[in-house]
Structures are given as C-alpha cells and as structure tokens.
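For reference, structure_25.cif is printed below; it contains mmCIF, C-alpha atoms and all ligand atoms.
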```cif
data_run
loop_
_atom_site.label_atom_id
_atom_site.label_comp_id
_atom_site.auth_asym_id
_atom_site.auth_seq_id
_atom_site.Cartn_x
_atom_site.Cartn_y
_atom_site.Cartn_z
CA MET O 1 191.78 83.95 -70.36
CA THR O 2 192.00 84.76 -66.68
CA ALA O 3 193.45 88.12 -65.75
CA THR O 4 195.13 88.61 -62.40
CA ILE O 5 194.20 91.94 -60.88
CA PRO O 6 197.24 93.40 -59.12
CA GLY O 7 196.66 93.29 -55.40
CA ALA O 8 193.75 90.86 -55.66
CA PRO O 9 193.93 87.38 -54.13
CA VAL O 10 195.33 84.78 -56.50
CA ASP O 11 192.90 82.00 -57.44
CA GLU O 12 195.34 79.15 -57.15
CA ALA O 13 192.91 76.70 -58.71
CA ARG O 14 193.11 78.67 -61.98
CA THR O 15 196.70 79.75 -61.83
CA PRO O 16 198.67 76.80 -60.52
CA ASN O 17 202.44 77.06 -60.19
CA VAL O 18 202.62 80.74 -61.12
CA ARG O 19 206.26 81.45 -60.43
CA ARG O 20 207.99 84.75 -59.87
CA THR O 21 211.48 85.88 -59.08
CA LEU O 22 211.42 88.29 -56.17
CA VAL O 23 214.23 89.98 -54.27
CA VAL O 24 215.06 89.73 -50.59
CA THR O 25 214.62 93.25 -49.20
CA ASP O 26 214.93 92.65 -45.47
CA ILE O 27 216.02 89.97 -43.01
CA VAL O 28 215.58 90.34 -39.25
CA ASP O 29 215.87 87.98 -36.30
CA ALA O 30 212.35 87.64 -34.88
CA ALA O 31 213.21 85.40 -31.91
CA THR O 32 215.71 82.71 -30.98
CA GLY O 33 216.07 80.51 -34.08
CA ILE O 34 213.40 82.42 -36.03
CA ARG O 35 214.27 84.79 -38.86
CA SER O 36 211.82 86.99 -40.77
CA PHE O 37 212.31 87.54 -44.49
CA THR O 38 210.74 90.22 -46.69
CA PHE O 39 210.52 89.72 -50.45
CA ALA O 40 209.46 92.26 -53.08
CA ALA O 41 209.24 92.54 -56.85
CA PRO O 42 212.55 93.79 -58.33
CA ASP O 43 210.79 96.98 -59.47
CA GLY O 44 208.86 97.36 -56.19
CA SER O 45 205.51 96.94 -57.93
CA LEU O 46 202.31 95.65 -56.36
CA LEU O 47 202.14 91.90 -55.81
CA PRO O 48 199.04 89.71 -56.03
CA GLY O 49 197.06 89.88 -52.80
CA PHE O 50 196.22 86.93 -50.60
CA VAL O 51 193.73 85.84 -47.99
CA PRO O 52 194.79 85.28 -44.35
CA GLY O 53 196.39 81.92 -43.73
CA SER O 54 197.91 81.71 -47.24
CA HIS O 55 201.21 80.02 -47.99
CA LEU O 56 204.10 81.22 -50.09
CA ILE O 57 206.03 78.43 -51.79
CA VAL O 58 209.71 79.32 -51.69
CA GLY O 59 212.62 77.71 -53.51
CA ALA O 60 215.22 77.11 -50.78
CA GLY O 61 218.37 75.70 -52.38
CA ASP O 62 217.39 72.35 -53.86
CA ARG O 63 214.23 72.28 -51.70
CA THR O 64 210.83 73.87 -52.07
CA ASN O 65 209.08 74.75 -48.85
CA ALA O 66 205.75 76.35 -47.96
CA TYR O 67 205.72 79.17 -45.43
CA SER O 68 202.79 81.10 -44.01
CA LEU O 69 202.62 84.72 -45.04
CA THR O 70 202.59 87.04 -42.04
CA ASN O 71 201.84 90.42 -43.59
CA ASP O 72 198.61 92.09 -44.70
CA GLY O 73 197.34 90.48 -47.92
CA VAL O 74 195.47 93.52 -49.24
CA ALA O 75 197.38 95.16 -52.11
CA PRO O 76 200.78 94.04 -50.80
CA THR O 77 204.08 95.32 -52.15
CA THR O 78 205.97 92.71 -50.11
CA TYR O 79 205.57 89.14 -48.98
CA GLN O 80 206.80 88.41 -45.46
CA ILE O 81 207.50 85.04 -43.87
CA SER O 82 209.17 83.91 -40.65
CA VAL O 83 211.22 80.74 -40.69
CA LEU O 84 212.18 78.55 -37.74
CA ARG O 85 215.61 77.01 -38.27
CA LEU O 86 215.14 73.25 -38.09
CA ALA O 87 218.50 71.51 -37.91
CA ASP O 88 216.77 68.13 -38.35
CA GLY O 89 214.31 69.30 -41.04
CA ASN O 90 214.69 68.84 -44.79
CA GLY O 91 217.44 71.48 -45.03
CA GLY O 92 215.23 74.22 -46.48
CA SER O 93 215.02 76.28 -43.30
CA CYS O 94 218.80 76.07 -42.72
CA TRP O 95 219.39 77.18 -46.30
CA MET O 96 217.09 80.16 -45.77
CA HIS O 97 218.90 81.13 -42.56
CA ASP O 98 222.44 80.53 -43.75
CA MET O 99 222.44 81.34 -47.45
CA LEU O 100 219.95 84.14 -48.10
CA SER O 101 221.08 87.77 -47.92
CA VAL O 102 219.39 91.07 -48.67
CA GLY O 103 219.47 91.67 -52.44
CA ASP O 104 219.43 87.98 -53.38
CA PRO O 105 216.85 86.75 -55.90
CA VAL O 106 214.40 84.17 -54.62
CA GLU O 107 212.04 81.96 -56.63
CA VAL O 108 208.49 81.79 -55.30
CA GLU O 109 205.15 80.46 -56.41
CA LEU O 110 202.37 82.93 -55.77
CA PRO O 111 200.37 82.65 -52.54
CA ARG O 112 197.91 79.84 -52.05
CA SER O 113 194.99 80.02 -49.70
CA ALA O 114 195.27 77.19 -47.19
CA PHE O 115 193.63 78.25 -43.94
CA PRO O 116 191.17 81.06 -44.65
CA PRO O 117 188.82 82.75 -42.18
CA ALA O 118 185.19 81.63 -42.23
CA PRO O 119 183.25 84.38 -43.97
CA ARG O 120 180.23 84.18 -41.65
CA ALA O 121 182.07 83.93 -38.34
CA MET O 122 180.68 86.25 -35.67
CA LYS O 123 183.96 86.11 -33.78
CA HIS O 124 187.44 84.72 -34.51
CA LEU O 125 189.16 82.89 -31.65
CA LEU O 126 192.82 82.37 -32.57
CA VAL O 127 195.20 79.97 -30.81
CA ALA O 128 198.92 79.94 -31.67
CA GLY O 129 201.81 77.86 -30.39
CA GLY O 130 205.44 78.78 -31.13
CA ILE O 131 206.15 79.37 -34.83
CA GLY O 132 202.46 78.56 -35.41
CA VAL O 133 201.89 82.26 -34.78
CA THR O 134 202.76 82.95 -38.44
CA PRO O 135 199.42 82.13 -40.14
CA ILE O 136 197.57 83.34 -37.06
CA LEU O 137 199.28 86.73 -37.44
CA SER O 138 197.80 87.24 -40.90
CA HIS O 139 194.35 86.34 -39.50
CA LEU O 140 194.91 88.89 -36.77
CA ARG O 141 195.91 91.57 -39.29
CA ALA O 142 192.75 90.91 -41.32
CA ALA O 143 190.56 91.01 -38.20
CA HIS O 144 192.16 94.32 -37.25
CA ARG O 145 191.77 95.76 -40.77
CA TRP O 146 188.09 94.82 -41.04
CA ASN O 147 187.28 95.54 -37.39
CA ARG O 148 186.24 91.96 -36.67
CA ASP O 149 185.70 90.59 -33.18
CA VAL O 150 188.88 88.64 -32.39
CA GLN O 151 190.63 87.04 -29.42
CA LEU O 152 194.05 85.40 -29.33
CA LEU O 153 195.80 82.94 -27.02
CA TYR O 154 199.51 82.65 -27.87
CA THR O 155 201.84 80.23 -26.10
CA PHE O 156 205.59 79.96 -26.61
CA ARG O 157 208.73 78.94 -24.78
CA PRO O 158 210.41 81.70 -22.73
CA GLY O 159 212.57 83.81 -25.05
CA CYS O 160 211.18 82.16 -28.18
CA GLY O 161 208.10 84.26 -28.90
CA ALA O 162 208.15 85.69 -32.43
CA HIS O 163 206.02 88.68 -33.45
CA VAL O 164 205.00 89.43 -29.86
CA ASP O 165 205.10 93.20 -30.50
CA ASP O 166 202.97 92.78 -33.64
CA VAL O 167 200.43 90.70 -31.73
CA ILE O 168 200.14 93.25 -28.92
CA ALA O 169 199.91 96.17 -31.36
CA LEU O 170 197.13 94.47 -33.34
CA ALA O 171 195.10 92.80 -30.61
CA GLY O 172 195.88 94.81 -27.47
CA ARG O 173 193.96 93.35 -24.52
CA GLN O 174 192.37 90.75 -26.77
CA ALA O 175 195.73 88.95 -26.85
CA GLU O 176 196.90 86.76 -24.00
CA LEU O 177 200.47 85.45 -23.98
CA PHE O 178 201.65 82.34 -22.10
CA VAL O 179 205.10 80.97 -21.38
CA ASP O 180 203.88 78.27 -19.00
CA GLN O 181 201.93 75.23 -20.13
CA SER O 182 199.59 75.01 -17.18
CA GLY O 183 198.52 78.64 -17.45
CA PHE O 184 197.77 78.19 -21.14
CA THR O 185 195.87 74.93 -20.63
CA GLU O 186 193.72 76.40 -17.90
CA ARG O 187 192.92 79.59 -19.80
CA LEU O 188 192.25 77.67 -23.00
CA ALA O 189 189.57 75.52 -21.38
CA ALA O 190 187.90 78.55 -19.81
CA THR O 191 188.02 80.49 -23.07
CA LEU O 192 186.62 77.67 -25.19
CA ALA O 193 183.80 77.21 -22.68
CA ASP O 194 182.72 80.83 -22.85
CA GLN O 195 182.30 81.99 -26.45
CA PRO O 196 179.36 83.64 -28.18
CA ILE O 197 177.39 81.62 -30.72
CA GLY O 198 178.96 81.89 -34.16
CA THR O 199 182.57 81.95 -32.91
CA HIS O 200 185.05 80.10 -35.12
CA LEU O 201 188.26 78.64 -33.71
CA TYR O 202 191.56 78.70 -35.63
CA MET O 203 194.79 77.17 -34.43
CA CYS O 204 198.33 76.52 -35.56
CA GLY O 205 201.18 75.08 -33.55
CA PRO O 206 202.94 71.85 -32.64
CA PRO O 207 200.96 68.61 -33.17
CA GLY O 208 200.53 68.06 -29.40
CA MET O 209 199.05 71.52 -28.91
CA ILE O 210 196.70 71.13 -31.86
CA ASP O 211 195.47 67.76 -30.62
CA HIS O 212 194.90 69.20 -27.16
CA VAL O 213 192.99 72.24 -28.41
CA VAL O 214 190.82 70.14 -30.74
CA THR O 215 190.03 67.58 -28.04
CA THR O 216 189.20 70.29 -25.50
CA ALA O 217 186.91 72.05 -27.98
CA GLN O 218 185.18 68.82 -29.00
CA ASP O 219 184.66 67.81 -25.37
CA LEU O 220 182.98 71.16 -24.84
CA GLY O 221 180.64 70.54 -27.76
CA TRP O 222 182.25 72.63 -30.50
CA PRO O 223 181.05 71.41 -33.90
CA GLU O 224 183.75 70.42 -36.39
CA SER O 225 182.52 73.06 -38.83
CA ARG O 226 183.73 75.80 -36.45
CA ILE O 227 187.17 74.31 -35.80
CA HIS O 228 189.95 75.19 -38.28
CA LEU O 229 193.54 74.12 -37.99
CA GLU O 230 196.82 74.37 -39.79
CA ARG O 231 199.53 71.82 -39.21
CA PHE O 232 203.16 72.67 -39.88
CA GLY O 233 203.45 70.55 -43.02
CA ALA O 234 204.83 67.20 -43.97
CA ASP O 235 207.43 67.28 -41.17
CA ALA O 236 204.59 67.10 -38.65
CA LEU O 237 202.75 64.22 -40.29
CA ASP O 238 202.53 60.92 -38.49
CA ALA O 239 203.77 57.71 -40.06
CA GLY O 240 200.26 56.49 -40.91
CA GLU O 241 198.93 52.95 -41.21
CA PRO O 242 200.11 50.48 -43.87
CA PHE O 243 197.88 50.14 -46.93
CA VAL O 244 197.83 48.82 -50.49
CA VAL O 245 198.15 50.57 -53.86
CA ARG O 246 197.10 48.82 -57.07
CA LEU O 247 198.74 49.93 -60.30
CA THR O 248 196.11 49.10 -62.89
CA GLU O 249 198.24 49.59 -66.05
CA SER O 250 201.19 47.63 -64.71
CA ASP O 251 199.00 45.02 -63.00
CA LEU O 252 201.00 45.40 -59.79
CA THR O 253 199.87 45.46 -56.18
CA LEU O 254 202.23 47.26 -53.79
CA ASP O 255 202.26 47.36 -50.00
CA VAL O 256 202.90 50.83 -48.58
CA PRO O 257 204.34 50.37 -45.08
CA SER O 258 203.81 52.76 -42.19
CA GLY O 259 206.34 55.59 -42.41
CA THR O 260 206.90 55.12 -46.16
CA SER O 261 205.16 57.28 -48.75
CA VAL O 262 203.45 56.06 -51.92
CA LEU O 263 206.09 57.99 -53.86
CA GLU O 264 208.91 56.12 -52.10
CA THR O 265 207.11 52.81 -52.61
CA LEU O 266 206.77 53.50 -56.34
CA GLU O 267 210.45 54.46 -56.56
CA HIS O 268 211.52 51.32 -54.69
CA ASN O 269 209.68 49.37 -57.37
CA GLY O 270 211.37 51.17 -60.25
CA ILE O 271 208.49 53.50 -61.09
CA THR O 272 209.52 57.11 -61.52
CA VAL O 273 207.13 59.95 -60.72
CA ALA O 274 208.24 63.55 -61.25
CA ASN O 275 208.63 65.27 -57.90
CA ARG O 276 210.28 68.27 -56.35
CA CYS O 277 209.42 69.18 -52.76
CA ARG O 278 208.38 65.75 -51.41
CA GLN O 279 206.38 67.73 -48.85
CA GLY O 280 203.00 68.10 -50.50
CA VAL O 281 203.49 71.72 -51.44
CA CYS O 282 204.76 72.01 -55.04
CA GLY O 283 202.16 69.95 -56.94
CA GLU O 284 204.77 68.23 -59.11
CA CYS O 285 204.05 64.63 -58.09
CA ARG O 286 200.26 64.76 -58.60
CA ILE O 287 198.95 61.45 -59.94
CA PRO O 288 195.42 60.41 -60.94
CA LEU O 289 193.35 58.22 -58.65
CA SER O 290 190.96 55.77 -60.32
CA SER O 291 189.39 54.36 -57.20
CA GLY O 292 189.66 54.43 -53.42
CA ALA O 293 189.62 57.38 -51.04
CA ALA O 294 192.84 59.20 -50.23
CA ASP O 295 193.75 60.75 -46.89
CA HIS O 296 194.90 64.05 -48.42
CA ARG O 297 197.78 65.50 -46.42
CA ASP O 298 199.15 67.94 -48.95
CA LEU O 299 198.97 71.70 -49.02
CA TYR O 300 198.63 71.86 -52.81
CA LEU O 301 195.21 70.56 -53.89
CA THR O 302 192.23 72.79 -53.24
CA ASP O 303 189.38 71.54 -51.06
CA ASP O 304 187.30 71.02 -54.22
CA GLU O 305 190.05 68.97 -55.85
CA LYS O 306 190.38 66.87 -52.72
CA SER O 307 186.63 66.32 -52.63
CA ALA O 308 186.61 65.32 -56.31
CA GLY O 309 188.83 62.40 -55.29
CA ASP O 310 190.39 61.86 -58.72
CA ALA O 311 193.98 62.82 -57.88
CA PHE O 312 196.37 62.84 -54.95
CA MET O 313 199.93 63.69 -53.95
CA PRO O 314 201.86 60.46 -53.39
CA CYS O 315 204.71 62.21 -51.57
CA VAL O 316 202.58 62.77 -48.46
CA SER O 317 199.02 61.52 -48.93
CA ARG O 318 197.95 58.03 -47.96
CA ALA O 319 194.83 55.87 -48.18
CA ALA O 320 191.82 56.67 -46.02
CA ALA O 321 191.29 54.05 -43.31
CA GLY O 322 190.51 50.64 -44.78
CA CYS O 323 190.81 51.79 -48.42
CA ILE O 324 192.86 50.42 -51.29
CA LEU O 325 194.04 53.04 -53.76
CA GLU O 326 193.99 52.28 -57.50
CA VAL O 327 196.09 54.42 -59.81
CA PRO O 328 196.39 54.20 -63.62
CA LEU O 329 200.15 53.57 -63.69
S1 LIG G 401 206.67 66.38 -54.71
FE1 LIG G 401 205.80 68.34 -54.31
S2 LIG G 401 203.72 67.87 -53.90
FE2 LIG G 401 204.67 65.96 -54.05
#
```

Take the structure in the file and give it back as structure tokens.
Amino acid sequence: MTATIPGAPVDEARTPNVRRTLVVTDIVDAATGIRSFTFAAPDGSLLPGFVPGSHLIVGAGDRTNAYSLTNDGVAPTTYQISVLRLADGNGGSCWMHDMLSVGDPVEVELPRSAFPPAPRAMKHLLVAGGIGVTPILSHLRAAHRWNRDVQLLYTFRPGCGAHVDDVIALAGRQAELFVDQSGFTERLAATLADQPIGTHLYMCGPPGMIDHVVTTAQDLGWPESRIHLERFGADALDAGEPFVVRLTESDLTLDVPSGTSVLETLEHNGITVANRCRQGVCGECRIPLSSGAADHRDLYLTDDEKSAGDAFMPCVSRAAAGCILEVPL
C-alpha cells in the first residue's frame, strides 16, 4: 500500500487518476482574457504538494483540461491556475470563464509533475511568453523559497501580462519584462550567450517563441540536456506526418493521415477506444504498443513509461519518424 503524505508531492506513477472534488474559493481577472482560479478542499485541509511545473487536470464541463499550477507546491491548502479564454479552443477554457463561480464544486485529478526543475542546476534561467508564465511562475516561487540562483525573461503583448506583480515580487531585478518582440529577441540572445556553467534553461510560451528560444540556445552551443520546455498542450501540436498503424488482432493496416489522430483513425474504422479529454491529459485512451516507436505528445505518461515504449496515447501521439506502430487490437 502506498500512503500519500499530506503536503508531499504526489507520485503520479503510483497514484494515477486520483480524483478529488474541490471547491472554487476565488476567481480574479489576471489580465485581458486571463482569469485566475483558486480551488481548495471543502474542509480547507492540506492538499497533496507538487513540484514546480506540475499540471492540475480539471473537469471543465464535458471536457478535461490540464492547467499549470501557479502557486507554491509545498504543503498547499489551495491549488491555483490561470486560464486564457480560447474562443477557438476545445471549449474547456470558455466553460471555466463563463460557468464557474466561487463556491462551485470542481472535479480535479491530483497534480502531475510535467516540467520539473533539474535538481543539480547551478542556476535556473526561465523564459516565459504570454500565458506560458503559469508553469514558470511555480518555478520562480520554488527558486525564491529555496534561495536558488534564478533569472527570468518574460514577454507578453501590451496589456496582456498576467502575474506581473507576482513576478516582480519574487524575482525583483532578476526579472526582465518585454512588450516588444525585438527587445526580447535581442536580450534573449545576449542572455543565453552569457550564463555560468551549470545553468539550465526552462521555457513555456507560444510554439513560435519556443522554437526561437531553442534554436538560439542550440546555435550558441547549449546541450539538449540543459534545455527544458513546456508546450501548451494538444492545441499547440502540429499536424504531423502521415504514418501506418497495424492492428495485429484484427489483421488490419490503417493509414493515419497528417492532421488526424490514431484515435480518430480507429474510430473512422469502427474501432472504439475509451477516451475522455482527447488532449493527452486524462490517460483514458491509453493503448498497448507491441512494436514501433511512438512520438509521445501526451502529458499523461511519465518519462519512464514513455521510455518503456509499450504504451501510448492515440488521441495525440503519433509514430516516430519512419516507424510503423503495431498495436494488439
Ligand atoms: S483521451 Fe485523454 S489521454 Fe487520450
């Protein structure tokens, strides 16, 4: 039996899909189109702790979405998230903005580590773009709590910067804010070129910003092992290349076109797979993989499970380049 120590980080590999009903205790507008929500246990008791960069899986109407926790993960009595309203998203963010009120119950799955700090980093260089500040904020809180060397570059559109006061309070002069692209780009290159050995880089933001930061770092000789990134989730995934899935039990070979998921391909061929979020966050659609390497794009499997290569999430994950996936269906 595995006991969960109140206030200690949840080991999501041992306690998958642990669900709780919490209560909305606060809602505030954090910036244009961004609303911050605070959830707590109905009796106000301590919640399981979490490491920086963890996600909270939240039931939003008939959707299940993953949001980065923004508060301090040590012995928390609340979970806090900030949600950008996406009119063209899957509807979850609009539901959160339009339907949730203080006092409402909300179904969550306990936090999952997704983007943790490197334990041996000598310095933490954080780069945030727009709503990508949310996981970066929890990294910043941890760096502040444990007195770690930290530096932050945060870029956002004028009037759309969430948690700016939090960032300044936590990082002071170690935080630099940008509302113009050229200023950010210039400072980013200079900052990446002048870091002490042992610095780790963490970033979250729009796909274009992430690609730019990664390319700039790589061009300057940063090793991959010191570059950590968090993409926004399935909405930000590209369409991917076409590939083939073989169903060994049914003796079927299916083409998965670009822009279509394995899950959709199975459904188009009359094969039902249980699913819920269709975003790679809930774990419901997990299917075994008998051969072939998957390009894991989900936020559910742990790194060890992804390395084991014996399961994948067909709602978002695809085949690694040039691979054929075989599944026992
Ligand atoms: S349906 Fe939720 S992970 Fe695939």

Requested in this report: Could you give me, as a count of residues only, the residues that have an atom at most 9 Å away from the point (196.1, 71.7, -38.8) in the coordinates of the file, using only C-alpha atoms?
Outcome: 13

Would you write out, as JSON lines, a table of all residues in chain O that have an atom no more than 9 Å from an atom of ligand LIG 401 (chain G), listing for each the closest atom pair and the distance in Å to one decimal, considering only C-alpha atoms and all ligand atoms and ordering rows by chain and rising residue number?
```
{"residue": "O:Thr64", "atom": "CA", "partner": "G:LIG401", "partner_atom": "FE1", "distance": 7.8}
{"residue": "O:Leu263", "atom": "CA", "partner": "G:LIG401", "partner_atom": "FE2", "distance": 8.1}
{"residue": "O:Val273", "atom": "CA", "partner": "G:LIG401", "partner_atom": "S1", "distance": 8.8}
{"residue": "O:Ala274", "atom": "CA", "partner": "G:LIG401", "partner_atom": "S1", "distance": 7.3}
{"residue": "O:Asn275", "atom": "CA", "partner": "G:LIG401", "partner_atom": "S1", "distance": 3.9}
{"residue": "O:Arg276", "atom": "CA", "partner": "G:LIG401", "partner_atom": "S1", "distance": 4.4}
{"residue": "O:Cys277", "atom": "CA", "partner": "G:LIG401", "partner_atom": "FE1", "distance": 4.0}
{"residue": "O:Arg278", "atom": "CA", "partner": "G:LIG401", "partner_atom": "S1", "distance": 3.8}
{"residue": "O:Gln279", "atom": "CA", "partner": "G:LIG401", "partner_atom": "FE1", "distance": 5.5}
{"residue": "O:Gly280", "atom": "CA", "partner": "G:LIG401", "partner_atom": "S2", "distance": 3.5}
{"residue": "O:Val281", "atom": "CA", "partner": "G:LIG401", "partner_atom": "S2", "distance": 4.6}
{"residue": "O:Cys282", "atom": "CA", "partner": "G:LIG401", "partner_atom": "FE1", "distance": 3.9}
{"residue": "O:Gly283", "atom": "CA", "partner": "G:LIG401", "partner_atom": "S2", "distance": 4.0}
{"residue": "O:Glu284", "atom": "CA", "partner": "G:LIG401", "partner_atom": "FE1", "distance": 4.9}
{"residue": "O:Cys285", "atom": "CA", "partner": "G:LIG401", "partner_atom": "FE2", "distance": 4.3}
{"residue": "O:Arg286", "atom": "CA", "partner": "G:LIG401", "partner_atom": "FE2", "distance": 6.4}
{"residue": "O:Asp298", "atom": "CA", "partner": "G:LIG401", "partner_atom": "S2", "distance": 6.7}
{"residue": "O:Leu299", "atom": "CA", "partner": "G:LIG401", "partner_atom": "S2", "distance": 7.8}
{"residue": "O:Tyr300", "atom": "CA", "partner": "G:LIG401", "partner_atom": "S2", "distance": 6.6}
{"residue": "O:Leu301", "atom": "CA", "partner": "G:LIG401", "partner_atom": "S2", "distance": 8.9}
{"residue": "O:Phe312", "atom": "CA", "partner": "G:LIG401", "partner_atom": "FE2", "distance": 8.9}
{"residue": "O:Met313", "atom": "CA", "partner": "G:LIG401", "partner_atom": "FE2", "distance": 5.3}
{"residue": "O:Pro314", "atom": "CA", "partner": "G:LIG401", "partner_atom": "FE2", "distance": 6.2}
{"residue": "O:Cys315", "atom": "CA", "partner": "G:LIG401", "partner_atom": "FE2", "distance": 4.5}
{"residue": "O:Val316", "atom": "CA", "partner": "G:LIG401", "partner_atom": "FE2", "distance": 6.8}
{"residue": "O:Ser317", "atom": "CA", "partner": "G:LIG401", "partner_atom": "FE2", "distance": 8.8}
```

Report task. Excluding stretch 184-199 of chain O and residues on its chain fewer than 6 positions from it, collect all residues at most 6 Å away from it, counting all atoms listed in the file, and give them as number ranges by chain. Result -> O: 121-124, 178

**Report entry** Interatomic distance (Å, one decimal) between atom CA of O:Glu224 and atom CA of O:Ala293
**Finding:** 20.5 Å

Requested in this report: In Å, rounded to a single decimal, give me how far atom CA of O:Gly130 is from atom CA of O:Ile168.
Outcome: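 Going from atom CA of O:Ile168 over to atom CA of O:Gly130, I get 15.6 Å.
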
**Report entry** Within 12 Å of O:Ser36 using all atoms listed in the file, minus same-chain residues under 3 positions, as JSON, numbers by chain
**Finding:** {"O": [24, 25, 26, 27, 28, 29, 30, 31, 32, 33, 39, 67, 68, 69, 70, 71, 79, 80, 81, 82, 83, 84, 85, 93, 96, 97, 100, 101, 102, 131, 134, 162, 163]}

Requested in this report: Please provide the set of residues having any atom within 6 Å of O:Pro328, restricted to all atoms listed in the file, with same-chain residues fewer than 2 positions apart removed, written as a list in words.
Outcome: Leu247, Thr248 and Glu249 of chain O

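For the pair atom CA of O:Thr77 and atom CA of O:Ile136, the interatomic distance is 20.3 Å.
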
Query raised in the report: Which of these, O:Cys160, O:Val262, O:Ala217, O:Ala41, has the shortest distance to O:Ala319 once you count all atoms listed in the file?
Result: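 Counting all atoms listed in the file, the residue closest to O:Ala319 is O:Val262.
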
Just need the box for stretch 109-116 of chain O, edges along x, y and z, holding every atom the file lists for it with 8 Å tacked onto each side, so centre and edge lengths in Å to one decimal, as lines of an AutoDock Vina configuration file.
```
center_x = 198.2
center_y = 80.1
center_z = -50.2
size_x = 30.0
size_y = 21.7
size_z = 28.5
```

Requested in this report: Using all atoms listed in the file, pick whichever of O:Met99, O:Leu252, O:Met209, O:Ala114 has the shortest atom-to-atom distance to O:Asp303.
Outcome: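 The answer is O:Ala114, which sits nearest to O:Asp303.
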
Query raised in the report: Could you pull the residues within 6 Å of stretch 143-159 of chain O, counting only C-alpha atoms, minus those fewer than 4 positions along the same chain, as a PyMOL selection string?
Result: chain O and resi 123-130+174-179

Query raised in the report: Which of these residues is nearest to O:Pro257, using all atoms listed in the file: O:Leu329, O:Ala118, O:Ala66, O:Ala239?
Result: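 Ranking O:Leu329, O:Ala118, O:Ala66, O:Ala239 by distance to O:Pro257, first place goes to O:Ala239.
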
**Report entry** Option closest in space to O:Thr253, from O:Thr78, O:Asn269, O:Thr21, O:Ser290 [counting only C-alpha atoms]
**Finding:**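 Of O:Thr78, O:Asn269, O:Thr21, O:Ser290, the one nearest O:Thr253 is O:Asn269, counting only C-alpha atoms.
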
Query raised in the report: Which is closest to O:Ser225 among O:His200, O:Phe243, O:Glu305, O:Pro288, if we use all atoms listed in the file?
Result: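 When distances to O:Ser225 are compared using all atoms listed in the file, the smallest one comes from O:His200.
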
Query raised in the report: For O:Pro116, which residue among O:Gly53, O:Thr38, O:Arg297, O:Gly292 is the nearest when counting all atoms listed in the file?
Result: O:Gly53
